[in-house]
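Taking it in order: structure first as structure tokens, then the write-up.
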Amino acid sequence: MLLLAIESSCDETAVAVVRDGRQILSNLIASQIDLHAVYGGVVPELASRRHLEVINPLVEEALSVAGVSAAELEGVVVTRGPGLVGALLVGVAFAKAYAYALDIPLIGVHHIEGHIQAIQLEKEVEYPFLAVAVSGGHTHLYRVDAIGEYRLLGRTVDDAAGEAFDKVAKMMGLGYPGGPVIDKLAASGDDGGIVFPRPMLQKKNCDFSFSGVKTAVLNYLQRLESKPDEKLIGQIATAFQIAVVDVITKKTLRAVEAEGLSRIVVAGGVACNSGLRKKFAELSIINNVETFFPSPILCADNAAMLAVAGDYYLSRGFTSPLDLNAVSNWPLEQLKYS
């Protein structure tokens, strides 16, 4: 099928044209980073307004880049949730109107399912596998037996990893988004002997907690007698990233062993982190498991990732009604299509 895919769950407006759930013909993203940077985080109302401004021209551009016309499209796939409800509603409303006007089927898909299945756009990863969904809003572990078949193994009980990166960066005056800045500072590997806690790592379950390490950074900064210089800022950032990466990788490998799996897919915006990629590569060799990372553009919020599941569902006759509504909270393990 030739699908138009639309993603607007947070602060990126994204549109893609994908054939047969595998071949990307276009994958465009209109970023809002500059809009929200001055506030140190995403402002939901501003995000919704910007989605409204850019979605129609972005769709036209995506079709042009793909070299296809609207009349050739065979379906529309859109992020239904979870996310910022105002932002989601812009994409859902546009997708419903577009599908209705063209008289083609519509399917609303789960944002995290899109991230998890994005790897299939680049390489066929055999099921079952262990998926690590790690982003600004999620840090979850799932056993994935097929498209549409997910079992939750662990999740963060407080902050998501990406959220912790952004908050720590804000504490140190590093700007927004914080993840890429901290990752760049941590590239030297010099933590200056600073050690931050690994929350819940001693617990035998597969849940995460990142609030404690974030608070530990704040306490460290408050104990300083003077403003930290550039070197110390780099060391704090490095120590923080090492702690977060340590928790994510070790908890993931614990889940892999418990489930008897041999493949890991790391997905979501934090999957771009070079420290996380390096650590998984090292531990995968030691533990004899394969670890897969999508390319950075497919880790970030994008629309092409939606087409893998969208094509699967539509080709099997599953569709969404034209009264489809956005949902801000939608547990992936409760995903049902009928």
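As shown in the structure tokens, the chain order sets the letters A, B, ...; within each chain, residues go from 1, and ligands are also counted from 1 in the order they appear.
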Handout entry: 7 Å contact set for segment 155-163 of chain A, only C-alpha atoms, chain neighbours under 2 positions out, as JSON, numbers by chain
Key = {"A": [134, 135, 136, 137, 138, 139, 140, 141, 165, 166, 167, 179, 207, 208, 209, 210, 211, 270]}
Would you output that residue set with C-alpha atoms, as a tab-separated table (two decimals), in the first residue's frame?
chain	number	residue	atom	x	y	z
A	134	VAL	CA	13.37	5.38	25.74
A	135	SER	CA	12.43	9.01	25.09
A	136	GLY	CA	11.41	12.26	26.73
A	137	GLY	CA	8.11	10.79	27.83
A	138	HIS	CA	8.77	7.05	28.07
A	139	THR	CA	11.24	4.54	29.44
A	140	HIS	CA	9.56	1.17	28.98
A	141	LEU	CA	10.61	-2.42	28.35
A	165	PHE	CA	18.36	14.67	30.59
A	166	ASP	CA	16.43	17.85	29.80
A	167	LYS	CA	15.94	18.78	33.46
A	179	GLY	CA	20.01	15.36	25.75
A	207	ASP	CA	11.35	-0.94	36.50
A	208	PHE	CA	13.30	2.31	36.28
A	209	SER	CA	13.61	5.50	38.31
A	210	PHE	CA	15.50	8.61	37.20
A	211	SER	CA	14.19	11.19	39.64
A	270	VAL	CA	17.23	8.80	23.63
Exercise. Can you list every residue in segment 80-237 of chain A that DSSP puts in alpha helix (DSSP H), as a PyMOL selection string?
Worked result: chain A and resi 85-102+111-117+161-171+178-185+211-223+230-237
File dump, residues just selected, C-alpha atoms, as a PDB file, in the first residue's frame:
ATOM      1  CA  VAL A  85      -3.732  15.970  23.408  1.00  0.00           C
ATOM      2  CA  GLY A  86      -3.903  19.351  21.658  1.00  0.00           C
ATOM      3  CA  ALA A  87      -1.001  18.468  19.404  1.00  0.00           C
ATOM      4  CA  LEU A  88      -2.430  15.018  18.674  1.00  0.00           C
ATOM      5  CA  LEU A  89      -5.818  16.487  17.759  1.00  0.00           C
ATOM      6  CA  VAL A  90      -4.272  18.566  14.973  1.00  0.00           C
ATOM      7  CA  GLY A  91      -2.813  15.493  13.272  1.00  0.00           C
ATOM      8  CA  VAL A  92      -5.872  13.312  13.875  1.00  0.00           C
ATOM      9  CA  ALA A  93      -8.304  15.936  12.570  1.00  0.00           C
ATOM     10  CA  PHE A  94      -6.213  16.548   9.464  1.00  0.00           C
ATOM     11  CA  ALA A  95      -5.800  12.810   8.792  1.00  0.00           C
ATOM     12  CA  LYS A  96      -9.546  12.167   9.116  1.00  0.00           C
ATOM     13  CA  ALA A  97     -10.393  14.992   6.727  1.00  0.00           C
ATOM     14  CA  TYR A  98      -7.761  13.874   4.225  1.00  0.00           C
ATOM     15  CA  ALA A  99      -8.891  10.243   4.271  1.00  0.00           C
ATOM     16  CA  TYR A 100     -12.534  11.288   3.927  1.00  0.00           C
ATOM     17  CA  ALA A 101     -11.807  13.615   1.002  1.00  0.00           C
ATOM     18  CA  LEU A 102      -9.882  10.909  -0.859  1.00  0.00           C
ATOM     19  CA  HIS A 111       3.224   6.430  19.021  1.00  0.00           C
ATOM     20  CA  ILE A 112       5.450   3.961  20.884  1.00  0.00           C
ATOM     21  CA  GLU A 113       4.495   1.121  18.553  1.00  0.00           C
ATOM     22  CA  GLY A 114       5.779   3.341  15.751  1.00  0.00           C
ATOM     23  CA  HIS A 115       9.114   3.804  17.516  1.00  0.00           C
ATOM     24  CA  ILE A 116       9.480   0.107  18.289  1.00  0.00           C
ATOM     25  CA  GLN A 117       8.722  -0.996  14.722  1.00  0.00           C
ATOM     26  CA  ALA A 161      15.186   9.175  30.873  1.00  0.00           C
ATOM     27  CA  GLY A 162      14.841  11.897  28.248  1.00  0.00           C
ATOM     28  CA  GLU A 163      12.960  14.087  30.702  1.00  0.00           C
ATOM     29  CA  ALA A 164      15.786  13.671  33.222  1.00  0.00           C
ATOM     30  CA  PHE A 165      18.359  14.668  30.592  1.00  0.00           C
ATOM     31  CA  ASP A 166      16.428  17.850  29.803  1.00  0.00           C
ATOM     32  CA  LYS A 167      15.940  18.780  33.463  1.00  0.00           C
ATOM     33  CA  VAL A 168      19.590  18.225  34.360  1.00  0.00           C
ATOM     34  CA  ALA A 169      20.677  20.279  31.367  1.00  0.00           C
ATOM     35  CA  LYS A 170      18.350  23.074  32.504  1.00  0.00           C
ATOM     36  CA  MET A 171      19.847  22.971  36.013  1.00  0.00           C
ATOM     37  CA  GLY A 178      19.338  18.906  26.913  1.00  0.00           C
ATOM     38  CA  GLY A 179      20.010  15.358  25.750  1.00  0.00           C
ATOM     39  CA  PRO A 180      22.257  16.180  22.765  1.00  0.00           C
ATOM     40  CA  VAL A 181      24.206  18.778  24.783  1.00  0.00           C
ATOM     41  CA  ILE A 182      24.921  16.381  27.652  1.00  0.00           C
ATOM     42  CA  ASP A 183      25.840  13.634  25.187  1.00  0.00           C
ATOM     43  CA  LYS A 184      28.363  15.954  23.522  1.00  0.00           C
ATOM     44  CA  LEU A 185      29.873  16.980  26.864  1.00  0.00           C
ATOM     45  CA  SER A 211      14.188  11.194  39.642  1.00  0.00           C
ATOM     46  CA  GLY A 212      16.811  10.248  42.232  1.00  0.00           C
ATOM     47  CA  VAL A 213      19.819  10.711  39.963  1.00  0.00           C
ATOM     48  CA  LYS A 214      18.372  14.031  38.780  1.00  0.00           C
ATOM     49  CA  THR A 215      18.032  15.142  42.408  1.00  0.00           C
ATOM     50  CA  ALA A 216      21.570  13.964  43.146  1.00  0.00           C
ATOM     51  CA  VAL A 217      22.860  16.281  40.417  1.00  0.00           C
ATOM     52  CA  LEU A 218      20.866  19.174  41.885  1.00  0.00           C
ATOM     53  CA  ASN A 219      22.243  18.495  45.379  1.00  0.00           C
ATOM     54  CA  TYR A 220      25.784  18.328  43.998  1.00  0.00           C
ATOM     55  CA  LEU A 221      25.372  21.686  42.268  1.00  0.00           C
ATOM     56  CA  GLN A 222      23.907  23.283  45.397  1.00  0.00           C
ATOM     57  CA  ARG A 223      26.863  22.127  47.512  1.00  0.00           C
ATOM     58  CA  GLU A 230      33.397  24.498  31.938  1.00  0.00           C
ATOM     59  CA  LYS A 231      35.503  21.490  32.931  1.00  0.00           C
ATOM     60  CA  LEU A 232      33.390  20.677  35.979  1.00  0.00           C
ATOM     61  CA  ILE A 233      30.163  21.081  33.979  1.00  0.00           C
ATOM     62  CA  GLY A 234      31.507  18.489  31.546  1.00  0.00           C
ATOM     63  CA  GLN A 235      32.416  16.115  34.363  1.00  0.00           C
ATOM     64  CA  ILE A 236      28.978  16.416  35.984  1.00  0.00           C
ATOM     65  CA  ALA A 237      27.281  15.806  32.631  1.00  0.00           C
TER      66      ALA A 237
END
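Taking only C-alpha atoms into account, Gly269 of chain A lies nearest to A:Asn302 out of the set A:Asn302, A:Ser226, A:Asn287, A:Thr252.
In this structure, atom CA of Gly40 of chain A sits 7.6 Å away from atom CA of Pro177 of chain A.
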Closest of A:Ile242, A:Leu28, A:Ala47, A:Ala258 to Asn205 of chain A, counting only C-alpha atoms, is A:Ala258
Min atom-atom distance to Leu2 of chain A from the set A:Ser274, A:Gln23, A:Ser48, A:Ser284, counting only C-alpha atoms, belongs to A:Gln23
Could you list, as a PyMOL selection string, every residue within 10 Å of Ser320 of chain A, counting only C-alpha atoms and ignoring same-chain residues fewer than 5 positions away?
chain A and resi 77+96+105-109+314+325+337-338
Residues within 9 Å of Tyr313 of chain A, please, as a list of chain:residue names. Count only C-alpha atoms; anything in the same chain fewer than 5 positions from it doesn't count.
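Residues near the query, excluding close chain neighbours: A:Ile107, A:Ile147, A:Gly148, A:Val308, A:Phe318, A:Thr319, A:Tyr337.
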When DSSP is applied to the backbone of this structure, which of segment 87-232 of chain A are assigned strand (DSSP E or B)? Write them out as a count of residues only. 28
Original post:
Quick one: residues within 6 Å of segment 149-154 of chain A, only C-alpha atoms counted, chain neighbours fewer than 3 positions away excluded, as a count of residues only?
Top reply: 10
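Between Glu259 of chain A and the candidates A:Leu332, A:Ala326, A:Leu130, A:Leu283, the tightest atom-to-atom separation, counting only C-alpha atoms, involves A:Leu130.
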Correct to one decimal, the distance atom CA of Gln241 of chain A-atom CA of Pro294 of chain A is 20.6 Å
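Each of A:Ala243, A:Ile29, A:Val289, A:Val18 was compared to Glu257 of chain A using only C-alpha atoms, and A:Val289 turns out to be the nearest.
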